[in-house]
$ cat run-v1.cif   # mmCIF, C-alpha atoms
data_query
loop_
_atom_site.group_PDB
_atom_site.id
_atom_site.type_symbol
_atom_site.label_atom_id
_atom_site.label_comp_id
_atom_site.auth_asym_id
_atom_site.auth_seq_id
_atom_site.Cartn_x
_atom_site.Cartn_y
_atom_site.Cartn_z
ATOM 1 C CA MET A 1 -31.187 -28.424 6.861
ATOM 2 C CA ALA A 2 -32.609 -27.837 3.380
ATOM 3 C CA LYS A 3 -31.321 -29.879 0.475
ATOM 4 C CA PRO A 4 -29.366 -27.916 -2.135
ATOM 5 C CA ASP A 5 -31.137 -27.193 -5.421
ATOM 6 C CA LYS A 6 -30.376 -29.869 -8.059
ATOM 7 C CA THR A 7 -31.126 -27.634 -11.072
ATOM 8 C CA PRO A 8 -28.104 -26.311 -12.966
ATOM 9 C CA PRO A 9 -27.394 -22.617 -12.387
ATOM 10 C CA ALA A 10 -28.129 -20.071 -15.098
ATOM 11 C CA ALA A 11 -25.156 -18.479 -16.858
ATOM 12 C CA GLY A 12 -22.547 -19.186 -14.183
ATOM 13 C CA THR A 13 -24.562 -17.916 -11.225
ATOM 14 C CA TRP A 14 -24.835 -20.052 -8.114
ATOM 15 C CA THR A 15 -26.500 -19.600 -4.757
ATOM 16 C CA LEU A 16 -24.117 -20.047 -1.854
ATOM 17 C CA ALA A 17 -25.843 -23.261 -0.754
ATOM 18 C CA THR A 18 -25.662 -24.765 -4.250
ATOM 19 C CA ALA A 19 -22.035 -23.704 -4.697
ATOM 20 C CA LYS A 20 -21.100 -25.336 -1.386
ATOM 21 C CA ALA A 21 -22.843 -28.564 -2.329
ATOM 22 C CA ARG A 22 -21.394 -28.621 -5.857
ATOM 23 C CA LEU A 23 -17.983 -27.010 -5.370
ATOM 24 C CA SER A 24 -16.205 -29.379 -7.777
ATOM 25 C CA GLU A 25 -18.645 -28.424 -10.532
ATOM 26 C CA VAL A 26 -18.229 -24.702 -9.773
ATOM 27 C CA VAL A 27 -14.450 -25.086 -10.083
ATOM 28 C CA ASP A 28 -14.789 -27.121 -13.299
ATOM 29 C CA ARG A 29 -17.060 -24.494 -14.860
ATOM 30 C CA ALA A 30 -14.714 -21.701 -13.774
ATOM 31 C CA GLN A 31 -12.227 -23.097 -16.309
ATOM 32 C CA ASP A 32 -14.619 -21.876 -19.032
ATOM 33 C CA GLY A 33 -15.626 -18.571 -17.437
ATOM 34 C CA PRO A 34 -16.237 -16.703 -14.185
ATOM 35 C CA GLN A 35 -18.775 -18.217 -11.781
ATOM 36 C CA THR A 36 -20.753 -15.799 -9.604
ATOM 37 C CA ILE A 37 -21.885 -16.888 -6.148
ATOM 38 C CA THR A 38 -24.828 -15.052 -4.648
ATOM 39 C CA ARG A 39 -25.818 -14.630 -1.020
ATOM 40 C CA ASN A 40 -29.349 -13.464 -0.220
ATOM 41 C CA GLY A 41 -29.887 -12.842 -3.935
ATOM 42 C CA LYS A 42 -26.940 -10.454 -4.298
ATOM 43 C CA PRO A 43 -23.571 -11.200 -5.947
ATOM 44 C CA SER A 44 -21.089 -12.012 -3.193
ATOM 45 C CA ALA A 45 -18.060 -13.663 -4.821
ATOM 46 C CA VAL A 46 -16.681 -14.679 -8.201
ATOM 47 C CA ILE A 47 -14.702 -17.855 -8.847
ATOM 48 C CA VAL A 48 -12.249 -17.737 -11.760
ATOM 49 C CA SER A 49 -9.675 -20.214 -13.019
ATOM 50 C CA ALA A 50 -6.104 -19.923 -11.772
ATOM 51 C CA GLU A 51 -5.060 -19.107 -15.348
ATOM 52 C CA GLU A 52 -7.553 -16.210 -15.540
ATOM 53 C CA TRP A 53 -6.440 -14.920 -12.120
ATOM 54 C CA ALA A 54 -2.777 -14.981 -13.187
ATOM 55 C CA ARG A 55 -3.612 -13.156 -16.419
ATOM 56 C CA LYS A 56 -5.559 -10.420 -14.584
ATOM 57 C CA THR A 57 -3.012 -9.890 -11.809
ATOM 58 C CA VAL A 58 0.236 -9.906 -13.781
ATOM 59 C CA ARG A 59 2.301 -6.757 -13.326
ATOM 60 C CA LYS A 60 2.463 -4.656 -16.466
ATOM 61 C CA GLY A 61 5.701 -2.740 -16.060
ATOM 62 C CA THR A 62 7.226 -0.764 -13.236
ATOM 63 C CA LEU A 63 5.980 2.367 -11.489
ATOM 64 C CA ALA A 64 8.729 4.342 -13.212
ATOM 65 C CA GLU A 65 7.536 3.128 -16.636
ATOM 66 C CA PHE A 66 3.957 4.049 -15.733
ATOM 67 C CA LEU A 67 4.973 7.562 -14.684
ATOM 68 C CA LEU A 68 7.144 8.039 -17.777
ATOM 69 C CA ALA A 69 4.201 7.062 -20.004
ATOM 70 C CA SER A 70 1.810 9.478 -18.265
ATOM 71 C CA PRO A 71 -0.038 11.859 -20.583
ATOM 72 C CA LEU A 72 0.696 14.576 -17.983
ATOM 73 C CA ARG A 73 4.452 14.193 -18.416
ATOM 74 C CA GLY A 74 5.838 17.464 -19.674
ATOM 75 C CA ALA A 75 2.498 19.251 -19.210
ATOM 76 C CA ASP A 76 4.201 21.953 -17.114
ATOM 77 C CA LEU A 77 1.493 21.928 -14.454
ATOM 78 C CA GLU A 78 1.484 24.757 -11.944
ATOM 79 C CA LEU A 79 0.843 23.083 -8.592
ATOM 80 C CA GLU A 80 0.579 25.170 -5.477
ATOM 81 C CA ARG A 81 1.296 23.567 -2.121
ATOM 82 C CA GLN A 82 -0.818 24.624 0.833
ATOM 83 C CA ARG A 83 1.165 26.271 3.593
ATOM 84 C CA ASP A 84 -1.487 25.869 6.316
ATOM 85 C CA ALA A 85 -0.532 24.889 9.825
ATOM 86 C CA PRO A 86 -1.073 21.230 10.739
ATOM 87 C CA ARG A 87 -4.472 20.215 12.080
ATOM 88 C CA ASP A 88 -4.970 19.702 15.779
ATOM 89 C CA ASP A 89 -5.577 15.963 16.018
ATOM 90 C CA ALA A 90 -6.574 16.078 19.680
ATOM 91 C CA LEU A 91 -10.246 16.604 18.810
#

$ encode --input "run-v1.cif" --output "structure tokens"
Amino acid sequence: MAKPDKTPPAAGTWTLATAKARLSEVVDRAQDGPQTITRNGKPSAVIVSAEEWARKTVRKGTLAEFLLASPLRGADLELERQRDAPRDDAL
């Protein structure tokens, strides 16, 4: 098994092996900004602080409020419903 790289990652980017070996440091650095974990050279996951996650996932109003604020409200759209027969799903 290869030893994890000891060099610090650039700009919050970690290889999976380094992130596994230095998880505490990844979590500590996530308090200051998102930490990207790569697998086979491609971004695979992002670690963010619990505070950042809560801020990004907080609900911003209800569905009714969203629909009432729609720019299409009162636009008097003419929508035509298709009257086709149902598809045969036995294909």

$ closest_residue --input "run-v1.cif" --among "A:Ile47, A:Gly33, A:Ala54, A:Ala90" --to "Ala19 (chain A)" --atoms "all atoms listed in the file"
A:Ile47

$ resolve_selection --input "run-v1.cif" --expression "the PyMOL selection byres ((chain A and resi 31) around 12)" --output "compact mmCIF listing (two decimals) with C-alpha atoms, keeping the file's coordinate frame"
# COMPACT_ATOMS: atom_id res chain seq x y z
CA GLY A 12 -22.55 -19.19 -14.18
CA SER A 24 -16.20 -29.38 -7.78
CA GLU A 25 -18.64 -28.42 -10.53
CA VAL A 26 -18.23 -24.70 -9.77
CA VAL A 27 -14.45 -25.09 -10.08
CA ASP A 28 -14.79 -27.12 -13.30
CA ARG A 29 -17.06 -24.49 -14.86
CA ALA A 30 -14.71 -21.70 -13.77
CA ASP A 32 -14.62 -21.88 -19.03
CA GLY A 33 -15.63 -18.57 -17.44
CA PRO A 34 -16.24 -16.70 -14.18
CA GLN A 35 -18.77 -18.22 -11.78
CA ILE A 47 -14.70 -17.86 -8.85
CA VAL A 48 -12.25 -17.74 -11.76
CA SER A 49 -9.68 -20.21 -13.02
CA ALA A 50 -6.10 -19.92 -11.77
CA GLU A 51 -5.06 -19.11 -15.35
CA GLU A 52 -7.55 -16.21 -15.54
CA TRP A 53 -6.44 -14.92 -12.12

$ atom_distance --input "run-v1.cif" --atom1 "CA of Leu77 (chain A)" --atom2 "CA of Glu65 (chain A)"
19.9 Å

$ atom_distance --input "run-v1.cif" --atom1 "CA of Thr38 (chain A)" --atom2 "CA of Trp14 (chain A)"
6.1 Å

$ atom_distance --input "run-v1.cif" --atom1 "CA of Leu16 (chain A)" --atom2 "CA of Val46 (chain A)"
11.2 Å

$ axis_aligned_box --input "run-v1.cif" --around "region 39-42 of chain A" --padding-each-side "6 Å" --output "JSON"
{"center_x": -27.9, "center_y": -12.5, "center_z": -2.3, "size_x": 16.1, "size_y": 16.2, "size_z": 16.1}

$ decode --input "run-v1.cif" --residues "region 38-54 of chain A" --atoms "N, CA, C and O atoms" --output "mmCIF file, in the first residue's frame"
data_model
loop_
_atom_site.group_PDB
_atom_site.id
_atom_site.type_symbol
_atom_site.label_atom_id
_atom_site.label_comp_id
_atom_site.auth_asym_id
_atom_site.auth_seq_id
_atom_site.Cartn_x
_atom_site.Cartn_y
_atom_site.Cartn_z
ATOM 1 N N THR A 38 -10.704 14.562 -5.074
ATOM 2 C CA THR A 38 -10.664 14.022 -6.431
ATOM 3 C C THR A 38 -10.422 12.521 -6.404
ATOM 4 O O THR A 38 -9.810 11.988 -5.480
ATOM 5 N N ARG A 39 -10.940 11.856 -7.417
ATOM 6 C CA ARG A 39 -10.707 10.425 -7.608
ATOM 7 C C ARG A 39 -10.303 10.263 -9.072
ATOM 8 O O ARG A 39 -11.010 10.719 -9.955
ATOM 9 N N ASN A 40 -9.159 9.645 -9.289
ATOM 10 C CA ASN A 40 -8.617 9.477 -10.641
ATOM 11 C C ASN A 40 -8.497 10.816 -11.362
ATOM 12 O O ASN A 40 -8.758 10.930 -12.556
ATOM 13 N N GLY A 41 -8.130 11.858 -10.610
ATOM 14 C CA GLY A 41 -7.897 13.174 -11.186
ATOM 15 C C GLY A 41 -9.140 14.005 -11.463
ATOM 16 O O GLY A 41 -9.037 15.122 -11.938
ATOM 17 N N LYS A 42 -10.314 13.469 -11.159
ATOM 18 C CA LYS A 42 -11.562 14.190 -11.421
ATOM 19 C C LYS A 42 -12.262 14.511 -10.104
ATOM 20 O O LYS A 42 -12.268 13.679 -9.201
ATOM 21 N N PRO A 43 -12.877 15.701 -9.990
ATOM 22 C CA PRO A 43 -13.609 16.023 -8.760
ATOM 23 C C PRO A 43 -14.677 14.976 -8.480
ATOM 24 O O PRO A 43 -15.424 14.582 -9.372
ATOM 25 N N SER A 44 -14.720 14.497 -7.245
ATOM 26 C CA SER A 44 -15.643 13.432 -6.877
ATOM 27 C C SER A 44 -16.585 13.831 -5.742
ATOM 28 O O SER A 44 -17.724 13.399 -5.708
ATOM 29 N N ALA A 45 -16.099 14.664 -4.822
ATOM 30 C CA ALA A 45 -16.915 15.068 -3.675
ATOM 31 C C ALA A 45 -16.409 16.408 -3.165
ATOM 32 O O ALA A 45 -15.268 16.791 -3.424
ATOM 33 N N VAL A 46 -17.278 17.101 -2.434
ATOM 34 C CA VAL A 46 -16.901 18.366 -1.808
ATOM 35 C C VAL A 46 -17.310 18.299 -0.344
ATOM 36 O O VAL A 46 -18.440 17.929 -0.023
ATOM 37 N N ILE A 47 -16.387 18.655 0.527
ATOM 38 C CA ILE A 47 -16.636 18.697 1.965
ATOM 39 C C ILE A 47 -16.823 20.163 2.346
ATOM 40 O O ILE A 47 -15.988 21.000 2.015
ATOM 41 N N VAL A 48 -17.952 20.460 3.005
ATOM 42 C CA VAL A 48 -18.205 21.818 3.487
ATOM 43 C C VAL A 48 -18.516 21.746 4.974
ATOM 44 O O VAL A 48 -18.886 20.692 5.501
ATOM 45 N N SER A 49 -18.396 22.877 5.650
ATOM 46 C CA SER A 49 -18.709 22.919 7.077
ATOM 47 C C SER A 49 -20.203 22.711 7.280
ATOM 48 O O SER A 49 -21.013 22.960 6.382
ATOM 49 N N ALA A 50 -20.570 22.279 8.468
ATOM 50 C CA ALA A 50 -21.987 22.087 8.794
ATOM 51 C C ALA A 50 -22.723 23.417 8.698
ATOM 52 O O ALA A 50 -23.876 23.472 8.248
ATOM 53 N N GLU A 51 -22.078 24.502 9.072
ATOM 54 C CA GLU A 51 -22.686 25.831 8.987
ATOM 55 C C GLU A 51 -22.984 26.194 7.523
ATOM 56 O O GLU A 51 -24.065 26.687 7.210
ATOM 57 N N GLU A 52 -22.035 25.946 6.637
ATOM 58 C CA GLU A 52 -22.236 26.230 5.208
ATOM 59 C C GLU A 52 -23.358 25.363 4.651
ATOM 60 O O GLU A 52 -24.200 25.834 3.884
ATOM 61 N N TRP A 53 -23.384 24.090 5.016
ATOM 62 C CA TRP A 53 -24.437 23.178 4.542
ATOM 63 C C TRP A 53 -25.811 23.675 4.990
ATOM 64 O O TRP A 53 -26.751 23.719 4.208
ATOM 65 N N ALA A 54 -25.928 24.080 6.254
ATOM 66 C CA ALA A 54 -27.204 24.574 6.770
ATOM 67 C C ALA A 54 -27.631 25.838 6.030
ATOM 68 O O ALA A 54 -28.805 26.010 5.704
#
